[in-house]
Structure formats: C-alpha cells, structure tokens
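Listing of structure.txt; format and content: compact mmCIF, N, CA and C atoms.
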```txt
# COMPACT_ATOMS: atom_id res chain seq x y z
N MET A 1 0.48 -185.13 42.76
CA MET A 1 -0.12 -184.65 41.52
C MET A 1 0.44 -185.47 40.37
N GLU A 2 -0.40 -185.86 39.45
CA GLU A 2 0.02 -186.69 38.33
C GLU A 2 -0.30 -185.99 37.02
N LEU A 3 0.40 -186.43 35.98
CA LEU A 3 0.14 -185.89 34.65
C LEU A 3 -1.16 -186.46 34.12
N PRO A 4 -1.94 -185.65 33.42
CA PRO A 4 -3.14 -186.20 32.79
C PRO A 4 -2.75 -187.23 31.73
N SER A 5 -3.56 -188.24 31.59
CA SER A 5 -3.22 -189.31 30.65
C SER A 5 -3.24 -188.83 29.21
N GLU A 6 -3.94 -187.75 28.93
CA GLU A 6 -3.99 -187.23 27.56
C GLU A 6 -2.62 -186.75 27.09
N ILE A 7 -1.83 -186.19 27.99
CA ILE A 7 -0.50 -185.71 27.60
C ILE A 7 0.36 -186.88 27.12
N ILE A 8 0.30 -187.98 27.83
CA ILE A 8 1.06 -189.17 27.45
C ILE A 8 0.59 -189.68 26.09
N ASN A 9 -0.72 -189.69 25.86
CA ASN A 9 -1.26 -190.14 24.57
C ASN A 9 -0.82 -189.22 23.43
N ILE A 10 -0.79 -187.92 23.69
CA ILE A 10 -0.36 -186.98 22.66
C ILE A 10 1.11 -187.19 22.32
N ILE A 11 1.95 -187.37 23.35
CA ILE A 11 3.38 -187.61 23.11
C ILE A 11 3.59 -188.91 22.36
N GLN A 12 2.85 -189.96 22.72
CA GLN A 12 2.97 -191.23 22.00
C GLN A 12 2.51 -191.09 20.56
N ASN A 13 1.48 -190.28 20.32
CA ASN A 13 1.01 -190.05 18.96
C ASN A 13 2.05 -189.29 18.15
N ILE A 14 2.69 -188.30 18.75
CA ILE A 14 3.73 -187.55 18.05
C ILE A 14 4.92 -188.44 17.74
N ASP A 15 5.27 -189.32 18.68
CA ASP A 15 6.39 -190.23 18.45
C ASP A 15 6.07 -191.22 17.34
N ALA A 16 4.83 -191.69 17.28
CA ALA A 16 4.44 -192.65 16.25
C ALA A 16 4.27 -191.99 14.88
N GLU A 17 3.76 -190.77 14.87
CA GLU A 17 3.50 -190.07 13.61
C GLU A 17 4.05 -188.65 13.69
N PRO A 18 5.34 -188.43 13.32
CA PRO A 18 5.94 -187.10 13.43
C PRO A 18 5.34 -186.07 12.48
N GLY A 19 4.57 -186.52 11.51
CA GLY A 19 3.93 -185.59 10.59
C GLY A 19 2.94 -184.66 11.28
N THR A 20 2.37 -185.12 12.39
CA THR A 20 1.45 -184.26 13.13
C THR A 20 2.18 -183.06 13.72
N LEU A 21 3.41 -183.26 14.15
CA LEU A 21 4.20 -182.14 14.68
C LEU A 21 4.57 -181.17 13.58
N VAL A 22 4.87 -181.69 12.40
CA VAL A 22 5.18 -180.82 11.25
C VAL A 22 3.94 -180.01 10.88
N ALA A 23 2.78 -180.65 10.89
CA ALA A 23 1.54 -179.93 10.58
C ALA A 23 1.26 -178.86 11.62
N PHE A 24 1.49 -179.18 12.90
CA PHE A 24 1.30 -178.18 13.94
C PHE A 24 2.27 -177.02 13.76
N ALA A 25 3.53 -177.32 13.44
CA ALA A 25 4.52 -176.27 13.25
C ALA A 25 4.16 -175.38 12.06
N ALA A 26 3.52 -175.96 11.06
CA ALA A 26 3.16 -175.19 9.87
C ALA A 26 1.94 -174.31 10.10
N PHE A 27 0.98 -174.79 10.88
CA PHE A 27 -0.31 -174.10 10.94
C PHE A 27 -0.68 -173.52 12.29
N HIS A 28 0.20 -173.59 13.31
CA HIS A 28 -0.22 -173.09 14.62
C HIS A 28 -0.46 -171.58 14.68
N PRO A 29 0.23 -170.75 13.90
CA PRO A 29 -0.12 -169.32 13.98
C PRO A 29 -1.51 -169.02 13.45
N PHE A 30 -2.02 -169.86 12.55
CA PHE A 30 -3.34 -169.62 12.00
C PHE A 30 -4.43 -169.92 13.03
N ALA A 31 -4.07 -170.62 14.09
CA ALA A 31 -5.03 -170.84 15.18
C ALA A 31 -5.33 -169.54 15.92
N LEU A 32 -4.48 -168.55 15.78
CA LEU A 32 -4.73 -167.26 16.41
C LEU A 32 -5.94 -166.55 15.80
N ILE A 33 -6.35 -166.99 14.61
CA ILE A 33 -7.54 -166.42 13.99
C ILE A 33 -8.75 -166.65 14.90
N VAL A 34 -8.73 -167.76 15.63
CA VAL A 34 -9.82 -168.05 16.57
C VAL A 34 -9.89 -166.96 17.63
N LEU A 35 -8.74 -166.39 18.00
CA LEU A 35 -8.73 -165.31 18.98
C LEU A 35 -9.10 -163.97 18.37
N ILE A 36 -8.89 -163.82 17.09
CA ILE A 36 -9.17 -162.55 16.43
C ILE A 36 -10.67 -162.32 16.28
N VAL A 37 -11.43 -163.39 16.07
CA VAL A 37 -12.88 -163.25 15.86
C VAL A 37 -13.57 -162.62 17.07
N PRO A 38 -13.34 -163.09 18.32
CA PRO A 38 -14.00 -162.41 19.45
C PRO A 38 -13.54 -160.96 19.61
N LEU A 39 -12.27 -160.68 19.35
CA LEU A 39 -11.80 -159.30 19.44
C LEU A 39 -12.47 -158.41 18.39
N TRP A 40 -12.70 -158.96 17.21
CA TRP A 40 -13.37 -158.21 16.15
C TRP A 40 -14.80 -157.89 16.56
N ILE A 41 -15.48 -158.89 17.16
CA ILE A 41 -16.86 -158.68 17.62
C ILE A 41 -16.90 -157.63 18.73
N LEU A 42 -15.98 -157.73 19.70
CA LEU A 42 -15.93 -156.75 20.78
C LEU A 42 -15.61 -155.35 20.26
N LYS A 43 -14.79 -155.28 19.23
CA LYS A 43 -14.45 -153.98 18.63
C LYS A 43 -15.67 -153.37 17.94
N LYS A 44 -16.44 -154.20 17.26
CA LYS A 44 -17.65 -153.71 16.59
C LYS A 44 -18.70 -153.24 17.59
N ILE A 45 -18.78 -153.94 18.73
CA ILE A 45 -19.73 -153.55 19.77
C ILE A 45 -19.28 -152.26 20.44
N GLY A 46 -17.97 -152.06 20.53
CA GLY A 46 -17.44 -150.86 21.16
C GLY A 46 -16.83 -151.12 22.52
N LEU A 47 -16.75 -152.37 22.92
CA LEU A 47 -16.17 -152.70 24.22
C LEU A 47 -14.64 -152.80 24.18
N TYR A 48 -14.08 -152.94 23.00
CA TYR A 48 -12.62 -153.10 22.85
C TYR A 48 -12.11 -152.02 21.93
N LYS A 49 -11.13 -151.27 22.41
CA LYS A 49 -10.53 -150.21 21.62
C LYS A 49 -9.03 -150.51 21.50
N PRO A 50 -8.59 -151.05 20.35
CA PRO A 50 -7.18 -151.40 20.21
C PRO A 50 -6.29 -150.16 20.10
N VAL A 51 -5.08 -150.30 20.57
CA VAL A 51 -4.10 -149.23 20.44
C VAL A 51 -3.46 -149.33 19.06
N GLN A 52 -2.97 -148.22 18.55
CA GLN A 52 -2.37 -148.22 17.22
C GLN A 52 -0.99 -148.85 17.22
N ASN A 53 -0.23 -148.63 18.28
CA ASN A 53 1.13 -149.17 18.36
C ASN A 53 1.17 -150.27 19.42
N LEU A 54 1.89 -151.34 19.11
CA LEU A 54 2.06 -152.41 20.09
C LEU A 54 3.02 -151.97 21.19
N ASN A 55 2.73 -152.37 22.40
CA ASN A 55 3.70 -152.12 23.47
C ASN A 55 4.80 -153.18 23.37
N VAL A 56 5.74 -153.15 24.28
CA VAL A 56 6.89 -154.07 24.21
C VAL A 56 6.43 -155.52 24.34
N PHE A 57 5.45 -155.79 25.20
CA PHE A 57 4.98 -157.16 25.37
C PHE A 57 4.33 -157.68 24.09
N GLY A 58 3.46 -156.88 23.49
CA GLY A 58 2.81 -157.29 22.25
C GLY A 58 3.81 -157.48 21.12
N PHE A 59 4.77 -156.58 21.03
CA PHE A 59 5.81 -156.71 20.02
C PHE A 59 6.61 -157.99 20.24
N SER A 60 6.92 -158.31 21.49
CA SER A 60 7.68 -159.52 21.80
C SER A 60 6.91 -160.78 21.41
N VAL A 61 5.62 -160.79 21.69
CA VAL A 61 4.80 -161.96 21.33
C VAL A 61 4.77 -162.13 19.81
N VAL A 62 4.62 -161.05 19.08
CA VAL A 62 4.60 -161.12 17.63
C VAL A 62 5.93 -161.65 17.09
N VAL A 63 7.03 -161.16 17.63
CA VAL A 63 8.35 -161.61 17.17
C VAL A 63 8.55 -163.10 17.50
N ILE A 64 8.16 -163.52 18.69
CA ILE A 64 8.32 -164.93 19.08
C ILE A 64 7.52 -165.83 18.15
N PHE A 65 6.26 -165.47 17.89
CA PHE A 65 5.44 -166.31 17.01
C PHE A 65 5.95 -166.31 15.57
N THR A 66 6.39 -165.16 15.08
CA THR A 66 6.86 -165.10 13.70
C THR A 66 8.14 -165.89 13.50
N VAL A 67 9.13 -165.65 14.34
CA VAL A 67 10.40 -166.37 14.22
C VAL A 67 10.19 -167.85 14.51
N GLY A 68 9.39 -168.16 15.52
CA GLY A 68 9.12 -169.56 15.84
C GLY A 68 8.40 -170.28 14.72
N TRP A 69 7.49 -169.60 14.06
CA TRP A 69 6.77 -170.21 12.95
C TRP A 69 7.71 -170.50 11.79
N LEU A 70 8.51 -169.52 11.42
CA LEU A 70 9.42 -169.72 10.28
C LEU A 70 10.47 -170.78 10.57
N LEU A 71 11.18 -170.63 11.69
CA LEU A 71 12.23 -171.60 12.01
C LEU A 71 11.66 -172.96 12.40
N GLY A 72 10.52 -172.95 13.06
CA GLY A 72 9.92 -174.20 13.51
C GLY A 72 9.49 -175.08 12.36
N PHE A 73 8.81 -174.51 11.40
CA PHE A 73 8.35 -175.31 10.27
C PHE A 73 9.52 -175.86 9.47
N VAL A 74 10.49 -174.99 9.19
CA VAL A 74 11.65 -175.43 8.40
C VAL A 74 12.42 -176.53 9.13
N SER A 75 12.68 -176.33 10.41
CA SER A 75 13.45 -177.33 11.16
C SER A 75 12.69 -178.64 11.30
N GLN A 76 11.38 -178.58 11.54
CA GLN A 76 10.62 -179.81 11.74
C GLN A 76 10.48 -180.61 10.45
N ILE A 77 10.30 -179.94 9.34
CA ILE A 77 10.18 -180.68 8.09
C ILE A 77 11.52 -181.31 7.70
N LEU A 78 12.62 -180.59 7.97
CA LEU A 78 13.93 -181.17 7.70
C LEU A 78 14.21 -182.37 8.61
N LEU A 79 13.88 -182.24 9.88
CA LEU A 79 14.09 -183.35 10.81
C LEU A 79 13.22 -184.55 10.44
N MET A 80 12.01 -184.32 9.98
CA MET A 80 11.14 -185.44 9.60
C MET A 80 11.72 -186.18 8.40
N PHE A 81 12.19 -185.43 7.41
CA PHE A 81 12.75 -186.07 6.22
C PHE A 81 14.09 -186.75 6.51
N MET A 82 14.78 -186.33 7.56
CA MET A 82 16.04 -186.99 7.94
C MET A 82 15.79 -188.24 8.78
N GLY A 83 14.55 -188.49 9.16
CA GLY A 83 14.22 -189.70 9.89
C GLY A 83 14.41 -189.61 11.40
N VAL A 84 14.41 -188.42 11.95
CA VAL A 84 14.55 -188.25 13.39
C VAL A 84 13.23 -188.67 14.05
N SER A 85 13.31 -189.27 15.21
CA SER A 85 12.10 -189.74 15.89
C SER A 85 11.24 -188.55 16.33
N GLY A 86 9.96 -188.81 16.48
CA GLY A 86 9.02 -187.76 16.83
C GLY A 86 9.29 -187.14 18.19
N LEU A 87 9.74 -187.94 19.15
CA LEU A 87 10.02 -187.41 20.48
C LEU A 87 11.21 -186.44 20.45
N LYS A 88 12.23 -186.78 19.68
CA LYS A 88 13.38 -185.87 19.54
C LYS A 88 12.97 -184.59 18.81
N MET A 89 12.10 -184.74 17.82
CA MET A 89 11.61 -183.56 17.11
C MET A 89 10.84 -182.65 18.05
N LEU A 90 10.04 -183.24 18.93
CA LEU A 90 9.29 -182.45 19.90
C LEU A 90 10.22 -181.71 20.85
N MET A 91 11.26 -182.38 21.30
CA MET A 91 12.22 -181.73 22.20
C MET A 91 12.96 -180.60 21.49
N VAL A 92 13.32 -180.79 20.23
CA VAL A 92 13.97 -179.73 19.45
C VAL A 92 13.02 -178.54 19.29
N TYR A 93 11.76 -178.82 19.01
CA TYR A 93 10.77 -177.78 18.80
C TYR A 93 10.55 -176.97 20.08
N LEU A 94 10.39 -177.66 21.20
CA LEU A 94 10.18 -176.96 22.47
C LEU A 94 11.41 -176.17 22.90
N SER A 95 12.60 -176.75 22.73
CA SER A 95 13.82 -176.02 23.10
C SER A 95 14.06 -174.83 22.18
N MET A 96 13.67 -174.95 20.90
CA MET A 96 13.80 -173.84 19.98
C MET A 96 12.93 -172.66 20.44
N TYR A 97 11.68 -172.96 20.81
CA TYR A 97 10.80 -171.90 21.29
C TYR A 97 11.30 -171.30 22.60
N LEU A 98 11.87 -172.13 23.46
CA LEU A 98 12.42 -171.63 24.72
C LEU A 98 13.58 -170.67 24.45
N CYS A 99 14.46 -171.03 23.52
CA CYS A 99 15.59 -170.15 23.18
C CYS A 99 15.14 -168.86 22.52
N ILE A 100 14.17 -168.95 21.61
CA ILE A 100 13.65 -167.74 20.95
C ILE A 100 13.01 -166.82 21.99
N THR A 101 12.24 -167.40 22.91
CA THR A 101 11.58 -166.60 23.94
C THR A 101 12.60 -165.92 24.84
N ALA A 102 13.62 -166.65 25.25
CA ALA A 102 14.66 -166.07 26.11
C ALA A 102 15.39 -164.94 25.38
N PHE A 103 15.71 -165.15 24.10
CA PHE A 103 16.40 -164.12 23.32
C PHE A 103 15.55 -162.86 23.20
N VAL A 104 14.27 -163.03 22.91
CA VAL A 104 13.40 -161.86 22.73
C VAL A 104 13.19 -161.13 24.05
N ILE A 105 13.06 -161.87 25.15
CA ILE A 105 12.89 -161.21 26.46
C ILE A 105 14.12 -160.37 26.80
N VAL A 106 15.30 -160.92 26.56
CA VAL A 106 16.53 -160.20 26.90
C VAL A 106 16.74 -159.00 25.97
N ASN A 107 16.37 -159.14 24.71
CA ASN A 107 16.67 -158.10 23.72
C ASN A 107 15.43 -157.37 23.22
N ALA A 108 14.34 -157.35 23.97
CA ALA A 108 13.08 -156.77 23.49
C ALA A 108 13.22 -155.29 23.18
N ALA A 109 13.85 -154.54 24.05
CA ALA A 109 13.97 -153.10 23.82
C ALA A 109 14.82 -152.81 22.58
N GLY A 110 15.91 -153.51 22.42
CA GLY A 110 16.77 -153.30 21.25
C GLY A 110 16.09 -153.71 19.96
N LEU A 111 15.36 -154.82 19.99
CA LEU A 111 14.64 -155.26 18.80
C LEU A 111 13.56 -154.25 18.42
N ARG A 112 12.86 -153.75 19.42
CA ARG A 112 11.81 -152.77 19.15
C ARG A 112 12.39 -151.47 18.58
N LYS A 113 13.52 -151.03 19.13
CA LYS A 113 14.16 -149.81 18.64
C LYS A 113 14.61 -149.98 17.19
N LYS A 114 15.20 -151.12 16.87
CA LYS A 114 15.66 -151.37 15.50
C LYS A 114 14.47 -151.47 14.55
N PHE A 115 13.40 -152.12 14.99
CA PHE A 115 12.20 -152.22 14.17
C PHE A 115 11.61 -150.84 13.89
N ASP A 116 11.53 -150.00 14.91
CA ASP A 116 11.00 -148.65 14.74
C ASP A 116 11.86 -147.81 13.80
N GLN A 117 13.20 -147.98 13.89
CA GLN A 117 14.09 -147.25 12.98
C GLN A 117 13.86 -147.69 11.54
N ASN A 118 13.68 -148.98 11.32
CA ASN A 118 13.43 -149.47 9.97
C ASN A 118 12.08 -149.01 9.45
N GLN A 119 11.08 -148.90 10.32
CA GLN A 119 9.77 -148.44 9.90
C GLN A 119 9.81 -146.96 9.51
N LEU A 120 10.63 -146.17 10.23
CA LEU A 120 10.75 -144.76 9.88
C LEU A 120 11.42 -144.58 8.53
N LYS A 121 12.35 -145.45 8.18
CA LYS A 121 13.01 -145.37 6.88
C LYS A 121 12.05 -145.70 5.74
N LYS A 122 11.04 -146.54 6.00
CA LYS A 122 10.11 -146.97 4.96
C LYS A 122 9.02 -145.95 4.69
N LYS A 123 8.75 -145.02 5.62
CA LYS A 123 7.68 -144.07 5.43
C LYS A 123 8.05 -143.08 4.34
N PRO A 124 7.11 -142.83 3.41
CA PRO A 124 7.40 -141.86 2.35
C PRO A 124 7.36 -140.43 2.91
N VAL A 125 8.14 -139.59 2.30
CA VAL A 125 8.21 -138.19 2.70
C VAL A 125 7.08 -137.44 2.00
N ASN A 126 6.27 -136.74 2.78
CA ASN A 126 5.18 -135.95 2.20
C ASN A 126 5.73 -134.63 1.68
N SER A 127 5.51 -134.37 0.39
CA SER A 127 5.99 -133.10 -0.17
C SER A 127 4.96 -132.47 -1.05
```
Let's see the structure in the file written out as structure tokens.
Amino acid sequence: MELPSEIINIIQNIDAEPGTLVAFAAFHPFALIVLIVPLWILKKIGLYKPVQNLNVFGFSVVVIFTVGWLLGFVSQILLMFMGVSGLKMLMVYLSMYLCITAFVIVNAAGLRKKFDQNQLKKKPVNS
C-alpha cells in the first residue's frame, strides 16, 4: 500500500508556504458550518431531533476543537513569524492536537463535571 501522491503535494505546499497552515489553523472550525447545514435541513424536515445536553463524546469533541482552535492559531502564527519551516509547523500542529485529544479523553468526566458546576453557578435564581 502506498501513500496517495496528493498527500506529498500538500506537505510540499505547506513546507513551501507556511501561511496556508496558519490560514487552516485560523479557519478550520468554520468548516463545520458545512456540517451544520444538512443537520438544519434534517431538523426542519423532522428526521433529526437534537438532544438538549451534549453527551460526554459531544462535549469532548467541542472541547478539543475549541482548545485546538485557540492554541493552534496562536502557536502557528507565532511559529510562522519566527521563521520556523512549514514541515516543523505541521508536526507541532499535529502533535498539539494529539496531546489535546489525549488530555480530553483521559479527563473527559472531570472536565464535564467542572463545566456543569460552572453552568449551574451562572443560572439566575428565579424569585
């Protein structure tokens, strides 16, 4: 089995122009809007009924994307301005996401519990 030639071209493009990686790090969560449109259509039709509260998996995905987006963009723009090569930036970006994912998987229950406690503190008291 061999790697598709497109992967090599993408890596060479990132190495030649690291700004593409910075742009991806800045705007990749907005690509999820493409996934939201079909869900919105299915919800309007009545085939999809979303739950009000996220389960642990959904909460973990949201935390991974949020932390990865914030840290990823900041780290990639700093690395680009410091003159780090695109391939090293890609390895830092991928390893950062791997570490964030491992942390969230190990601590998902604790993160969810702390998040729920903070949400309860924010709710106004009905009187």
Closest atom pairs, residues of stretch 13-67 of chain A within 10 Å of stretch 103-118 of chain A, only C-alpha atoms, as CSV:
```
residue,atom,partner,partner_atom,distance
A:Leu54,CA,A:Arg112,CA,9.8
A:Asn55,CA,A:Arg112,CA,9.2
A:Val56,CA,A:Ala108,CA,6.8
A:Phe57,CA,A:Ala108,CA,8.3
A:Phe59,CA,A:Arg112,CA,7.2
A:Ser60,CA,A:Val104,CA,6.2
A:Val61,CA,A:Val104,CA,8.7
A:Val63,CA,A:Val104,CA,7.5
A:Ile64,CA,A:Val104,CA,7.0
```
Export of prior selection with N, CA and C atoms as a tab-separated table (two decimals), keeping the file's coordinate frame:
```
chain	number	residue	atom	x	y	z
A	54	LEU	N	1.89	-151.34	19.11
A	54	LEU	CA	2.06	-152.41	20.09
A	54	LEU	C	3.02	-151.97	21.19
A	55	ASN	N	2.73	-152.37	22.40
A	55	ASN	CA	3.70	-152.12	23.47
A	55	ASN	C	4.80	-153.18	23.37
A	56	VAL	N	5.74	-153.15	24.28
A	56	VAL	CA	6.89	-154.07	24.21
A	56	VAL	C	6.43	-155.52	24.34
A	57	PHE	N	5.45	-155.79	25.20
A	57	PHE	CA	4.98	-157.16	25.37
A	57	PHE	C	4.33	-157.68	24.09
A	59	PHE	N	4.77	-156.58	21.03
A	59	PHE	CA	5.81	-156.71	20.02
A	59	PHE	C	6.61	-157.99	20.24
A	60	SER	N	6.92	-158.31	21.49
A	60	SER	CA	7.68	-159.52	21.80
A	60	SER	C	6.91	-160.78	21.41
A	61	VAL	N	5.62	-160.79	21.69
A	61	VAL	CA	4.80	-161.96	21.33
A	61	VAL	C	4.77	-162.13	19.81
A	63	VAL	N	7.03	-161.16	17.63
A	63	VAL	CA	8.35	-161.61	17.17
A	63	VAL	C	8.55	-163.10	17.50
A	64	ILE	N	8.16	-163.52	18.69
A	64	ILE	CA	8.32	-164.93	19.08
A	64	ILE	C	7.52	-165.83	18.15
```
**OP:** Quote the spacing between atom N of A:Leu98 and atom N of A:Ile77 in Å to one decimal place.
**Re:** 16.2 Å
Original post:
So, counting only C-alpha atoms, which residue among A:Trp40, A:Phe30, A:Phe81, A:Ala25 is closest to A:Met96?
Top reply: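 Ranked by minimum distance to A:Met96, first place goes to A:Ala25.
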**OP:** Could you please write out, as a ChimeraX atom specification, every residue of stretch 34-88 of chain A that DSSP assigns to alpha helix (DSSP H)?
**Re:** /A:34-45,56-81,86-88
Could you write out the selected residues, including N, CA and C atoms, as a CSV table (one decimal), keeping the file's coordinate frame?
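Written output follows (selection.csv):
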```csv
chain,number,residue,atom,x,y,z
A,34,VAL,N,-8.7,-167.8,15.6
A,34,VAL,CA,-9.8,-168.0,16.6
A,34,VAL,C,-9.9,-167.0,17.6
A,35,LEU,N,-8.7,-166.4,18.0
A,35,LEU,CA,-8.7,-165.3,19.0
A,35,LEU,C,-9.1,-164.0,18.4
A,36,ILE,N,-8.9,-163.8,17.1
A,36,ILE,CA,-9.2,-162.6,16.4
A,36,ILE,C,-10.7,-162.3,16.3
A,37,VAL,N,-11.4,-163.4,16.1
A,37,VAL,CA,-12.9,-163.2,15.9
A,37,VAL,C,-13.6,-162.6,17.1
A,38,PRO,N,-13.3,-163.1,18.3
A,38,PRO,CA,-14.0,-162.4,19.4
A,38,PRO,C,-13.5,-161.0,19.6
A,39,LEU,N,-12.3,-160.7,19.4
A,39,LEU,CA,-11.8,-159.3,19.4
A,39,LEU,C,-12.5,-158.4,18.4
A,40,TRP,N,-12.7,-159.0,17.2
A,40,TRP,CA,-13.4,-158.2,16.2
A,40,TRP,C,-14.8,-157.9,16.6
A,41,ILE,N,-15.5,-158.9,17.2
A,41,ILE,CA,-16.9,-158.7,17.6
A,41,ILE,C,-16.9,-157.6,18.7
A,42,LEU,N,-16.0,-157.7,19.7
A,42,LEU,CA,-15.9,-156.8,20.8
A,42,LEU,C,-15.6,-155.4,20.3
A,43,LYS,N,-14.8,-155.3,19.2
A,43,LYS,CA,-14.4,-154.0,18.6
A,43,LYS,C,-15.7,-153.4,17.9
A,44,LYS,N,-16.4,-154.2,17.3
A,44,LYS,CA,-17.6,-153.7,16.6
A,44,LYS,C,-18.7,-153.2,17.6
A,45,ILE,N,-18.8,-153.9,18.7
A,45,ILE,CA,-19.7,-153.6,19.8
A,45,ILE,C,-19.3,-152.3,20.4
A,56,VAL,N,5.7,-153.2,24.3
A,56,VAL,CA,6.9,-154.1,24.2
A,56,VAL,C,6.4,-155.5,24.3
A,57,PHE,N,5.4,-155.8,25.2
A,57,PHE,CA,5.0,-157.2,25.4
A,57,PHE,C,4.3,-157.7,24.1
A,58,GLY,N,3.5,-156.9,23.5
A,58,GLY,CA,2.8,-157.3,22.2
A,58,GLY,C,3.8,-157.5,21.1
A,59,PHE,N,4.8,-156.6,21.0
A,59,PHE,CA,5.8,-156.7,20.0
A,59,PHE,C,6.6,-158.0,20.2
A,60,SER,N,6.9,-158.3,21.5
A,60,SER,CA,7.7,-159.5,21.8
A,60,SER,C,6.9,-160.8,21.4
A,61,VAL,N,5.6,-160.8,21.7
A,61,VAL,CA,4.8,-162.0,21.3
A,61,VAL,C,4.8,-162.1,19.8
A,62,VAL,N,4.6,-161.0,19.1
A,62,VAL,CA,4.6,-161.1,17.6
A,62,VAL,C,5.9,-161.6,17.1
A,63,VAL,N,7.0,-161.2,17.6
A,63,VAL,CA,8.4,-161.6,17.2
A,63,VAL,C,8.6,-163.1,17.5
A,64,ILE,N,8.2,-163.5,18.7
A,64,ILE,CA,8.3,-164.9,19.1
A,64,ILE,C,7.5,-165.8,18.2
A,65,PHE,N,6.3,-165.5,17.9
A,65,PHE,CA,5.4,-166.3,17.0
A,65,PHE,C,6.0,-166.3,15.6
A,66,THR,N,6.4,-165.2,15.1
A,66,THR,CA,6.9,-165.1,13.7
A,66,THR,C,8.1,-165.9,13.5
A,67,VAL,N,9.1,-165.6,14.3
A,67,VAL,CA,10.4,-166.4,14.2
A,67,VAL,C,10.2,-167.8,14.5
A,68,GLY,N,9.4,-168.2,15.5
A,68,GLY,CA,9.1,-169.6,15.8
A,68,GLY,C,8.4,-170.3,14.7
A,69,TRP,N,7.5,-169.6,14.1
A,69,TRP,CA,6.8,-170.2,13.0
A,69,TRP,C,7.7,-170.5,11.8
A,70,LEU,N,8.5,-169.5,11.4
A,70,LEU,CA,9.4,-169.7,10.3
A,70,LEU,C,10.5,-170.8,10.6
A,71,LEU,N,11.2,-170.6,11.7
A,71,LEU,CA,12.2,-171.6,12.0
A,71,LEU,C,11.7,-173.0,12.4
A,72,GLY,N,10.5,-173.0,13.1
A,72,GLY,CA,9.9,-174.2,13.5
A,72,GLY,C,9.5,-175.1,12.4
A,73,PHE,N,8.8,-174.5,11.4
A,73,PHE,CA,8.4,-175.3,10.3
A,73,PHE,C,9.5,-175.9,9.5
A,74,VAL,N,10.5,-175.0,9.2
A,74,VAL,CA,11.6,-175.4,8.4
A,74,VAL,C,12.4,-176.5,9.1
A,75,SER,N,12.7,-176.3,10.4
A,75,SER,CA,13.4,-177.3,11.2
A,75,SER,C,12.7,-178.6,11.3
A,76,GLN,N,11.4,-178.6,11.5
A,76,GLN,CA,10.6,-179.8,11.7
A,76,GLN,C,10.5,-180.6,10.4
A,77,ILE,N,10.3,-179.9,9.3
A,77,ILE,CA,10.2,-180.7,8.1
A,77,ILE,C,11.5,-181.3,7.7
A,78,LEU,N,12.6,-180.6,8.0
A,78,LEU,CA,13.9,-181.2,7.7
A,78,LEU,C,14.2,-182.4,8.6
A,79,LEU,N,13.9,-182.2,9.9
A,79,LEU,CA,14.1,-183.4,10.8
A,79,LEU,C,13.2,-184.6,10.4
A,80,MET,N,12.0,-184.3,10.0
A,80,MET,CA,11.1,-185.4,9.6
A,80,MET,C,11.7,-186.2,8.4
A,81,PHE,N,12.2,-185.4,7.4
A,81,PHE,CA,12.8,-186.1,6.2
A,81,PHE,C,14.1,-186.8,6.5
A,86,GLY,N,10.0,-188.8,16.5
A,86,GLY,CA,9.0,-187.8,16.8
A,86,GLY,C,9.3,-187.1,18.2
A,87,LEU,N,9.7,-187.9,19.2
A,87,LEU,CA,10.0,-187.4,20.5
A,87,LEU,C,11.2,-186.4,20.4
A,88,LYS,N,12.2,-186.8,19.7
A,88,LYS,CA,13.4,-185.9,19.5
A,88,LYS,C,13.0,-184.6,18.8
```
Subject >> Residue among A:Tyr97, A:Ser5, A:Asn13, A:Ala102 lying closest to A:Leu70, counting only C-alpha atoms >> reply: A:Tyr97
Original post:
Could you pull the residues within 8 Å of A:Phe73, counting only N, CA and C atoms, minus those fewer than 3 positions along the same chain, as a list in words?
Top reply: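 So, after excluding close chain neighbours, the residues are Leu21, Val22, Ala23, Phe24, Ala25, Ala26, Phe27, Val67, Gly68, Trp69, Leu70, Gln76, Ile77, Leu78 and Leu79 of chain A.
With atom CA of A:Asp15 on one side and atom CA of A:Leu94 on the other, the separation reads 14.4 Å.
One finds atom C of A:Ser85 at 9.8 Å from atom CA of A:Gly19.
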**OP:** Have a look at A:Leu87, A:Ile41, A:Val34, A:Val62 and name the one nearest to A:Ile14; count only N, CA and C atoms.
**Re:**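 Closest to A:Ile14 of all the choices is A:Leu87.
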Missing atoms in stretch 39-46 of chain A should be modelled up to N, CA, C and O atoms and reported as a PDB file, keeping the file's coordinate frame.
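File result_9.pdb, as written:
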```pdb
ATOM      1  N   LEU A  39     -12.270-160.680  19.350  1.00  0.00           N
ATOM      2  CA  LEU A  39     -11.800-159.300  19.440  1.00  0.00           C
ATOM      3  C   LEU A  39     -12.470-158.410  18.390  1.00  0.00           C
ATOM      4  O   LEU A  39     -12.794-157.265  18.661  1.00  0.00           O
ATOM      5  N   TRP A  40     -12.700-158.960  17.210  1.00  0.00           N
ATOM      6  CA  TRP A  40     -13.370-158.210  16.150  1.00  0.00           C
ATOM      7  C   TRP A  40     -14.800-157.890  16.560  1.00  0.00           C
ATOM      8  O   TRP A  40     -15.288-156.776  16.356  1.00  0.00           O
ATOM      9  N   ILE A  41     -15.480-158.890  17.160  1.00  0.00           N
ATOM     10  CA  ILE A  41     -16.860-158.680  17.620  1.00  0.00           C
ATOM     11  C   ILE A  41     -16.900-157.630  18.730  1.00  0.00           C
ATOM     12  O   ILE A  41     -17.737-156.719  18.712  1.00  0.00           O
ATOM     13  N   LEU A  42     -15.980-157.730  19.700  1.00  0.00           N
ATOM     14  CA  LEU A  42     -15.930-156.750  20.780  1.00  0.00           C
ATOM     15  C   LEU A  42     -15.610-155.350  20.260  1.00  0.00           C
ATOM     16  O   LEU A  42     -16.096-154.355  20.784  1.00  0.00           O
ATOM     17  N   LYS A  43     -14.790-155.280  19.230  1.00  0.00           N
ATOM     18  CA  LYS A  43     -14.450-153.980  18.630  1.00  0.00           C
ATOM     19  C   LYS A  43     -15.670-153.370  17.940  1.00  0.00           C
ATOM     20  O   LYS A  43     -15.909-152.171  18.056  1.00  0.00           O
ATOM     21  N   LYS A  44     -16.440-154.200  17.260  1.00  0.00           N
ATOM     22  CA  LYS A  44     -17.650-153.710  16.590  1.00  0.00           C
ATOM     23  C   LYS A  44     -18.700-153.240  17.590  1.00  0.00           C
ATOM     24  O   LYS A  44     -19.412-152.276  17.345  1.00  0.00           O
ATOM     25  N   ILE A  45     -18.780-153.940  18.730  1.00  0.00           N
ATOM     26  CA  ILE A  45     -19.730-153.550  19.770  1.00  0.00           C
ATOM     27  C   ILE A  45     -19.280-152.260  20.440  1.00  0.00           C
ATOM     28  O   ILE A  45     -20.087-151.464  20.889  1.00  0.00           O
ATOM     29  N   GLY A  46     -17.970-152.060  20.530  1.00  0.00           N
ATOM     30  CA  GLY A  46     -17.440-150.860  21.160  1.00  0.00           C
ATOM     31  C   GLY A  46     -16.830-151.120  22.520  1.00  0.00           C
ATOM     32  O   GLY A  46     -16.434-150.182  23.205  1.00  0.00           O
TER      33      GLY A  46
END
```
